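S.K.: Contents of data37.csv (CSV, C-alpha atoms and all ligand atoms) are below:
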```csv
chain,number,residue,atom,x,y,z
A,25,MET,CA,-6.3,-17.8,-2.8
A,26,ASN,CA,-3.1,-17.4,-4.7
A,27,ASP,CA,-3.9,-16.2,-8.3
A,28,VAL,CA,-1.9,-13.1,-9.2
A,29,VAL,CA,-2.1,-10.2,-11.6
A,30,PHE,CA,0.5,-7.7,-12.7
A,31,GLN,CA,-2.0,-5.2,-14.1
A,32,ALA,CA,-5.2,-3.9,-12.5
A,33,ASP,CA,-7.4,-4.1,-15.6
A,34,LYS,CA,-11.2,-4.4,-15.4
A,35,GLU,CA,-11.0,-7.1,-18.0
A,36,ASN,CA,-9.1,-9.3,-15.6
A,37,ALA,CA,-11.3,-12.3,-14.8
A,38,PRO,CA,-12.1,-12.5,-11.1
A,39,ALA,CA,-10.2,-15.2,-9.3
A,40,LEU,CA,-12.8,-15.3,-6.6
A,41,LYS,CA,-16.3,-13.8,-6.1
A,42,ILE,CA,-17.3,-12.9,-2.5
A,43,LYS,CA,-20.1,-11.1,-0.7
A,44,SER,CA,-19.5,-7.8,1.1
A,45,GLY,CA,-18.3,-8.7,4.6
A,46,ASP,CA,-16.5,-11.9,3.6
A,47,THR,CA,-12.9,-12.5,4.8
A,48,VAL,CA,-10.3,-13.8,2.4
A,49,VAL,CA,-6.7,-15.1,3.0
A,50,PHE,CA,-4.5,-13.8,0.2
A,51,GLU,CA,-1.3,-15.9,-0.3
A,52,CYS,CA,1.0,-13.1,-1.5
A,53,LYS,CA,4.3,-13.6,-3.3
A,54,ASP,CA,7.1,-11.1,-2.6
A,55,ALA,CA,7.6,-8.1,-4.9
A,56,PHE,CA,10.5,-9.9,-6.7
A,57,ASN,CA,8.1,-12.7,-7.6
A,58,GLN,CA,10.3,-15.1,-5.7
A,59,VAL,CA,13.4,-14.8,-7.9
A,60,ILE,CA,15.6,-13.5,-5.0
A,61,GLN,CA,16.2,-16.5,-2.7
A,62,LYS,CA,19.9,-16.5,-1.9
A,63,PRO,CA,22.8,-14.0,-1.5
A,64,GLU,CA,24.0,-14.7,-5.1
A,65,ASP,CA,20.6,-13.8,-6.6
A,66,LEU,CA,21.2,-10.2,-7.7
A,67,PRO,CA,18.4,-7.8,-8.7
A,68,ILE,CA,19.3,-7.5,-12.4
A,69,ASP,CA,17.6,-8.6,-15.6
A,70,PHE,CA,14.2,-8.7,-13.9
A,71,ASP,CA,11.3,-9.6,-16.2
A,72,MET,CA,9.5,-6.3,-15.7
A,73,GLU,CA,6.2,-7.8,-17.0
A,74,HIS,CA,6.3,-10.1,-14.0
A,75,ILE,CA,7.3,-8.0,-11.0
A,76,ASN,CA,5.2,-6.9,-8.1
A,77,PRO,CA,2.5,-9.6,-8.3
A,78,ALA,CA,-0.8,-8.8,-6.6
A,79,THR,CA,-2.9,-11.6,-5.4
A,80,GLY,CA,-6.5,-11.4,-6.8
A,81,PRO,CA,-8.5,-10.0,-8.3
A,82,VAL,CA,-11.5,-10.5,-6.0
A,83,TYR,CA,-14.9,-9.5,-7.2
A,84,VAL,CA,-17.0,-8.1,-4.4
A,85,GLU,CA,-20.8,-8.5,-5.1
A,86,GLY,CA,-22.7,-5.3,-4.9
A,87,ALA,CA,-19.6,-3.0,-5.4
A,88,GLU,CA,-20.4,-0.3,-7.9
A,89,PRO,CA,-18.5,2.7,-9.3
A,90,GLY,CA,-18.6,5.6,-6.8
A,91,ASP,CA,-18.8,3.3,-3.7
A,92,THR,CA,-15.9,2.8,-1.3
A,93,LEU,CA,-14.2,-0.5,-0.6
A,94,GLU,CA,-13.3,-1.0,3.0
A,95,VAL,CA,-10.2,-3.2,3.2
A,96,HIS,CA,-9.9,-4.4,6.8
A,97,ILE,CA,-6.4,-5.8,7.2
A,98,LEU,CA,-6.9,-8.4,9.9
A,99,ASN,CA,-3.6,-10.4,10.0
A,100,ILE,CA,-0.3,-10.7,8.2
A,101,ASP,CA,1.7,-13.9,8.5
A,102,VAL,CA,5.1,-13.5,6.9
A,103,ALA,CA,7.4,-16.2,5.6
A,104,LYS,CA,10.6,-17.3,7.3
A,105,GLN,CA,12.9,-15.3,5.0
A,106,GLY,CA,12.8,-12.0,3.1
A,107,SER,CA,15.2,-9.9,1.1
A,108,CYS,CA,16.3,-6.4,0.6
A,109,CYS,CA,18.1,-5.3,-2.6
A,110,ILE,CA,19.7,-2.3,-4.2
A,111,ILE,CA,18.5,-2.3,-7.8
A,112,PRO,CA,20.6,-0.4,-10.4
A,113,ASN,CA,18.9,2.8,-11.6
A,114,PHE,CA,16.3,2.6,-8.9
A,115,GLY,CA,16.1,4.2,-5.4
A,116,PHE,CA,16.3,7.7,-4.0
A,117,LEU,CA,20.1,7.9,-4.4
A,118,ALA,CA,20.3,5.7,-7.5
A,119,PRO,CA,23.2,7.5,-9.2
A,120,GLU,CA,25.4,7.0,-6.1
A,121,TYR,CA,24.7,3.2,-5.8
A,122,PRO,CA,25.1,1.8,-9.3
A,123,GLU,CA,25.9,-1.8,-8.3
A,124,PRO,CA,23.3,-4.5,-7.6
A,125,TRP,CA,23.3,-5.7,-4.0
A,126,THR,CA,21.3,-8.4,-2.2
A,127,ARG,CA,20.8,-9.1,1.5
A,128,ILE,CA,18.8,-12.2,2.5
A,129,ILE,CA,17.0,-11.4,5.8
A,130,PRO,CA,15.8,-14.3,8.0
A,131,ILE,CA,12.8,-13.7,10.2
A,132,GLU,CA,13.2,-15.1,13.7
A,133,ASP,CA,10.9,-14.7,16.7
A,134,GLY,CA,9.3,-11.5,15.3
A,135,TYR,CA,12.6,-9.9,14.3
A,136,ALA,CA,14.1,-9.3,10.8
A,137,ILE,CA,17.8,-10.4,11.2
A,138,PHE,CA,19.5,-7.7,9.0
A,139,SER,CA,23.0,-8.8,10.1
A,140,GLU,CA,24.8,-10.2,13.0
A,141,LYS,CA,24.7,-6.8,14.6
A,142,VAL,CA,21.3,-5.6,13.5
A,143,LYS,CA,17.9,-7.1,14.2
A,144,ILE,CA,14.7,-5.2,13.6
A,145,PRO,CA,11.2,-5.8,15.1
A,146,ILE,CA,8.9,-6.7,12.2
A,147,ASP,CA,5.9,-4.5,11.5
A,148,PRO,CA,4.5,-6.1,8.3
A,149,PHE,CA,2.2,-4.5,5.8
A,150,PRO,CA,1.2,-5.0,2.1
A,151,GLY,CA,2.8,-2.3,0.0
A,152,THR,CA,0.3,-2.8,-2.8
A,153,LEU,CA,-3.5,-2.6,-2.4
A,154,ILE,CA,-5.3,-2.0,-5.7
A,155,VAL,CA,-8.7,-2.0,-7.4
A,156,ALA,CA,-9.3,-1.8,-11.1
A,157,PRO,CA,-9.6,1.6,-12.8
A,158,THR,CA,-12.2,2.7,-15.3
A,159,GLU,CA,-10.3,2.7,-18.5
A,160,VAL,CA,-8.7,-0.4,-20.1
A,161,LYS,CA,-5.3,0.6,-21.4
A,162,HIS,CA,-3.4,-2.5,-20.4
A,163,ASP,CA,-0.8,-0.2,-18.7
A,164,HIS,CA,-2.3,-0.1,-15.2
A,165,GLY,CA,0.7,-1.8,-13.7
A,166,THR,CA,0.9,-2.4,-10.0
A,167,LEU,CA,4.1,-0.4,-9.6
A,168,ILE,CA,3.0,3.2,-9.5
A,169,PRO,CA,0.5,4.5,-6.9
A,170,LYS,CA,-2.6,6.0,-8.3
A,171,GLU,CA,-6.1,7.1,-7.2
A,172,TYR,CA,-7.1,3.4,-7.4
A,173,GLY,CA,-4.4,2.4,-5.0
A,174,GLY,CA,-1.5,0.3,-6.2
A,175,ASN,CA,2.1,0.5,-4.9
A,176,MET,CA,1.4,2.9,-2.0
A,177,ASP,CA,4.2,1.5,0.2
A,178,SER,CA,2.7,3.1,3.3
A,179,ARG,CA,3.7,1.4,6.5
A,180,ALA,CA,0.5,2.7,8.0
A,181,CYS,CA,-1.3,-0.2,6.3
A,182,THR,CA,-0.6,-2.8,9.0
A,183,ALA,CA,-2.9,-5.3,10.6
A,184,GLY,CA,-5.6,-3.3,12.4
A,185,THR,CA,-5.8,-0.7,9.7
A,186,LYS,CA,-8.8,0.0,7.4
A,187,VAL,CA,-7.8,1.0,3.9
A,188,TYR,CA,-10.5,2.8,2.0
A,189,LEU,CA,-10.3,2.5,-1.8
A,190,PRO,CA,-12.6,4.3,-4.2
A,191,ILE,CA,-14.4,1.8,-6.4
A,192,PHE,CA,-14.3,2.5,-10.2
A,193,VAL,CA,-15.7,-0.7,-11.7
A,194,GLU,CA,-18.4,-3.3,-10.8
A,195,GLY,CA,-17.1,-5.7,-8.3
A,196,ALA,CA,-14.1,-3.5,-7.5
A,197,LEU,CA,-11.6,-6.2,-8.5
A,198,PHE,CA,-9.4,-6.0,-5.5
A,199,ALA,CA,-5.8,-7.4,-5.3
A,200,VAL,CA,-3.0,-7.2,-2.7
A,201,GLY,CA,0.7,-7.9,-2.6
A,202,ASP,CA,4.3,-6.6,-2.1
A,203,VAL,CA,4.4,-7.3,1.6
A,204,HIS,CA,7.2,-5.8,3.6
A,205,ALA,CA,8.2,-7.4,6.9
A,206,VAL,CA,9.3,-3.9,7.9
A,207,GLN,CA,10.0,-0.6,6.1
A,208,GLY,CA,11.0,2.9,7.1
A,209,ASP,CA,9.0,5.9,5.9
A,210,GLY,CA,10.5,6.7,2.5
A,211,GLU,CA,11.6,3.2,1.5
A,212,VAL,CA,14.7,5.0,0.4
A,213,CYS,CA,16.7,2.4,-1.5
A,214,GLY,CA,13.6,1.2,-3.3
A,215,THR,CA,13.0,-2.1,-1.5
A,216,ALA,CA,12.4,-3.0,2.1
A,217,VAL,CA,12.3,-6.5,3.7
A,218,GLU,CA,10.4,-8.0,0.7
A,219,ILE,CA,8.7,-11.2,1.7
A,220,ASP,CA,6.0,-13.8,1.0
A,221,ALA,CA,3.1,-13.6,3.3
A,222,ASP,CA,-0.5,-14.7,4.0
A,223,VAL,CA,-2.6,-11.6,4.4
A,224,THR,CA,-6.1,-11.9,5.9
A,225,ILE,CA,-8.5,-9.2,4.8
A,226,LYS,CA,-12.2,-8.5,5.2
A,227,LEU,CA,-13.8,-6.6,2.3
A,228,ILE,CA,-16.8,-4.4,2.9
A,229,VAL,CA,-18.7,-2.3,0.3
A,230,ASN,CA,-19.5,1.1,1.8
A,231,LYS,CA,-22.3,2.9,-0.2
A,232,GLU,CA,-22.1,6.1,1.9
A,233,LYS,CA,-18.5,7.1,1.9
A,234,LYS,CA,-17.2,9.0,-1.1
A,235,ILE,CA,-13.5,9.5,-1.7
A,236,ASP,CA,-11.3,10.5,-4.6
A,237,ARG,CA,-8.1,8.7,-3.4
A,238,PRO,CA,-7.3,6.1,-0.8
A,239,HIS,CA,-7.7,7.0,2.9
A,240,TYR,CA,-6.5,4.9,5.9
A,241,GLU,CA,-8.0,4.6,9.4
A,242,THR,CA,-6.9,2.9,12.6
A,243,ASP,CA,-8.5,3.0,16.1
A,244,ASP,CA,-6.3,6.1,16.8
A,245,TYR,CA,-5.7,7.9,13.5
A,246,TYR,CA,-7.4,9.0,10.4
A,247,MET,CA,-5.1,9.4,7.3
A,248,THR,CA,-5.4,10.9,3.8
A,249,THR,CA,-2.8,10.0,1.2
A,250,ALA,CA,-1.6,11.3,-2.2
A,251,TRP,CA,1.0,11.1,-4.9
A,252,ALA,CA,2.4,13.6,-7.3
A,253,GLU,CA,5.4,14.6,-9.4
A,254,THR,CA,7.0,16.1,-6.3
A,255,THR,CA,6.7,15.5,-2.5
A,256,ASP,CA,5.5,19.1,-2.1
A,257,GLU,CA,2.6,18.7,-4.5
A,258,ALA,CA,1.7,15.3,-2.9
A,259,CYS,CA,1.6,17.0,0.5
A,260,LYS,CA,-0.8,19.7,-0.7
A,261,ILE,CA,-3.2,17.1,-2.2
A,262,ALA,CA,-3.2,15.0,1.0
A,263,LEU,CA,-3.6,18.1,3.2
A,264,ARG,CA,-6.6,19.4,1.1
A,265,ASP,CA,-8.2,15.9,1.4
A,266,MET,CA,-7.7,16.0,5.2
A,267,ILE,CA,-9.2,19.5,5.4
A,268,ASP,CA,-12.2,18.3,3.4
A,269,TRP,CA,-12.6,15.3,5.6
A,270,ILE,CA,-12.5,17.4,8.8
A,271,VAL,CA,-15.1,19.9,7.4
A,272,GLN,CA,-17.4,17.1,6.2
A,273,GLU,CA,-17.1,14.7,9.1
A,274,LYS,CA,-16.5,17.0,12.0
A,275,GLY,CA,-18.3,20.2,11.0
A,276,LEU,CA,-15.5,22.6,11.4
A,277,SER,CA,-15.1,25.7,9.1
A,278,ARG,CA,-12.5,25.5,6.4
A,279,GLU,CA,-10.3,28.0,8.3
A,280,GLU,CA,-10.7,25.9,11.5
A,281,ALA,CA,-9.8,22.7,9.7
A,282,TYR,CA,-6.7,24.3,8.0
A,283,ALA,CA,-5.5,25.7,11.4
A,284,LEU,CA,-6.3,22.4,13.2
A,285,CYS,CA,-4.1,20.5,10.6
A,286,SER,CA,-1.3,22.9,11.5
A,287,CYS,CA,-1.8,22.1,15.2
A,288,VAL,CA,-2.1,18.3,15.1
A,289,VAL,CA,-1.6,16.7,11.7
A,290,ASP,CA,1.7,15.0,10.9
A,291,MET,CA,2.7,15.1,7.2
A,292,ARG,CA,4.6,11.9,6.7
A,293,ILE,CA,6.5,10.5,3.7
A,294,SER,CA,5.3,7.0,2.7
A,295,GLN,CA,7.7,6.4,-0.2
A,296,LEU,CA,10.2,8.4,-2.3
A,297,VAL,CA,11.0,5.8,-4.9
A,298,ASP,CA,7.9,4.7,-6.8
A,299,ILE,CA,8.2,7.2,-9.7
A,300,THR,CA,5.7,9.5,-8.0
A,301,PRO,CA,6.5,10.1,-4.3
A,302,GLY,CA,3.7,9.4,-1.8
A,303,VAL,CA,2.8,11.0,1.5
A,304,ARG,CA,0.1,10.8,4.1
A,305,ALA,CA,-1.5,13.2,6.5
A,306,VAL,CA,-2.0,11.7,9.9
A,307,LEU,CA,-4.7,13.1,12.3
A,308,PRO,CA,-5.1,11.8,15.9
A,309,LYS,CA,-8.8,11.0,16.4
A,310,SER,CA,-8.6,11.4,20.2
A,311,ILE,CA,-8.7,15.2,19.9
A,312,PHE,CA,-12.4,15.2,19.1
A,313,VAL,CA,-14.7,15.5,22.0
A,314,ASP,CA,-17.9,13.7,21.2
A,401,CA,CA,6.4,-1.4,-3.3
A,402,CA,CA,8.4,-3.7,-2.2
```
Will you turn the file into structure tokens for me?
Ligand code: CA
Ligand code: CA
M.R.:
Amino acid sequence: MNDVVFQADKENAPALKIKSGDTVVFECKDAFNQVIQKPEDLPIDFDMEHINPATGPVYVEGAEPGDTLEVHILNIDVAKQGSCCIIPNFGFLAPEYPEPWTRIIPIEDGYAIFSEKVKIPIDPFPGTLIVAPTEVKHDHGTLIPKEYGGNMDSRACTAGTKVYLPIFVEGALFAVGDVHAVQGDGEVCGTAVEIDADVTIKLIVNKEKKIDRPHYETDDYYMTTAWAETTDEACKIALRDMIDWIVQEKGLSREEAYALCSCVVDMRISQLVDITPGVRAVLPKSIFVD
């Protein structure tokens, strides 16, 4: 499917209706909505109403508020070319880099060709995974991460990862976009290797799991994630969510869970640039003896 939205409103008409457990191939446009195609295309005068397109929304039958949507990312097939830009007034060091700058980045044999001297193994993931929130305000853009997902820009969300999103409206109204062929933790200049991609996802409605914000899971790790005005505050929210998860799922006391986080959990920065910085707490699952 290739319909896109720029707002995650519950009034958006579903582009597709599926059953829980169905798999969908989402044809995702890059975050620049395909306006950066050659070195002369500078990141200026963007139409901000049409940036960061998310492909969808998909209505999942049976999804109800309070449920959790399991987003199984199965495969990400990126296009032959991406781009990285420095956008004026955007990025972690924005005042120091006022000029627009574009680098077109070909993808060859699994590498992003950053320059003649630099090639990077790709590790693609969608930066934006979103469901519709409860209120209709027509300002639920896809650019700022929220409890309903959005522009999370976490490189943990690669193929093989399950993203858990809390469901706020009937059908969930899931959408996905903003694929990065590769991105470092922080996404410091504000863009990574922005690229078109086909993203294959299985969507499952989970009636048992209850979460306040997105969580991620791989075969090896369980992750909580959060955003806030500051990175410090985001870390505290993600850490509290991880402690809650350990207490509920593994039966440890709160003190044990807090101390265990100190022993094994990595607090990682997802992004520093999307208005509210985002972090994730990463717990290795192998420590639990079943
Ligand atoms: Ca993004
Ligand atoms: Ca992006």
S.K.: Counting all atoms listed in the file, what are the residues, protein, DNA or RNA alike, that approach ligand CA 402 (chain A) to within 10 Å? I want them as a ChimeraX atom specification.
M.R.: /A:54-56,75-76,107-109,150-152,167,175-177,201-205,207,211,214-219,298
S.K.: List the neighbours of Ser286 in chain A out to 12 Å using only C-alpha atoms; skip same-chain residues closer than 2 positions along the sequence, and give me the result as a list in words.
M.R.: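 Residues near the query, excluding close chain neighbours: Leu263, Met266, Ile267, Glu279, Glu280, Ala281, Tyr282, Ala283, Leu284, Val288, Val289, Asp290, Met291, Ala305, Val306 and Leu307 of chain A.
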S.K.: When distances are computed from only C-alpha atoms, which of A:Ile144, A:Leu40, A:Val193, A:Cys213 shows the smallest separation from Pro124 in chain A?
M.R.: A:Cys213
S.K.: Provide the CA of Asn113 in chain A to CA of Gly210 in chain A distance in Å, to one decimal place.
M.R.: 16.9 Å
S.K.: Asp256 in chain A: which residues within 12 Å, counting all atoms listed in the file, same-chain residues fewer than 6 positions away excluded, as a ChimeraX atom specification?
M.R.: /A:250,262-263,291-293,296,300-304
S.K.: Between CA of Glu232 in chain A and CA of Leu189 in chain A, what is the distance, to one decimal in Å?
M.R.: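 Computing it gives 12.9 Å between the two atoms.
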S.K.: Pick out the residues sitting within 9 Å of Val48 in chain A, and hand them over as a list in words; count all atoms listed in the file, and ignore anything fewer than 5 positions along from it in its own chain.
M.R.: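 Here the answer would be Met25, Ile42, Val223, Thr224, Ile225, Lys226 and Leu227 of chain A.
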S.K.: Which one of A:Ser178, A:Ser277, A:Gln105, A:Asn230 sits closest to ligand CA 401 (chain A) if you count only C-alpha atoms and all ligand atoms?
M.R.: A:Ser178
S.K.: Interatomic distance between CA of Glu273 in chain A and CA of Trp251 in chain A?
M.R.: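 Separation of CA of Glu273 in chain A and CA of Trp251 in chain A: 23.2 Å.
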S.K.: Using the file's own x, y and z axes, what box holds all listed atoms of range 116-135 of chain A with 4 Å on each side, keeping edges along x, y and z, and what are its centre and edge lengths in Å to one decimal, as lines of an AutoDock Vina configuration file?
M.R.:
```
center_x = 17.6
center_y = -3.6
center_z = 3.7
size_x = 24.6
size_y = 31.0
size_z = 34.0
```
S.K.: Restricting the calculation to only C-alpha atoms: of A:Val313, A:Ile129, A:Cys285, A:Val84, which residue gets closest to Ile191 in chain A?
M.R.: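 For Ile191 in chain A, the nearest of the given residues is A:Val84.
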S.K.: Determine, counting only C-alpha atoms, which protein, DNA and RNA residues have an atom within 8 Å of an atom of Trp125 in chain A; residues of the same chain fewer than 4 positions away are not included. Present the result as a list of chain:residue names.
M.R.: A:Leu66, A:Pro67, A:Cys109, A:Ile110, A:Ile111
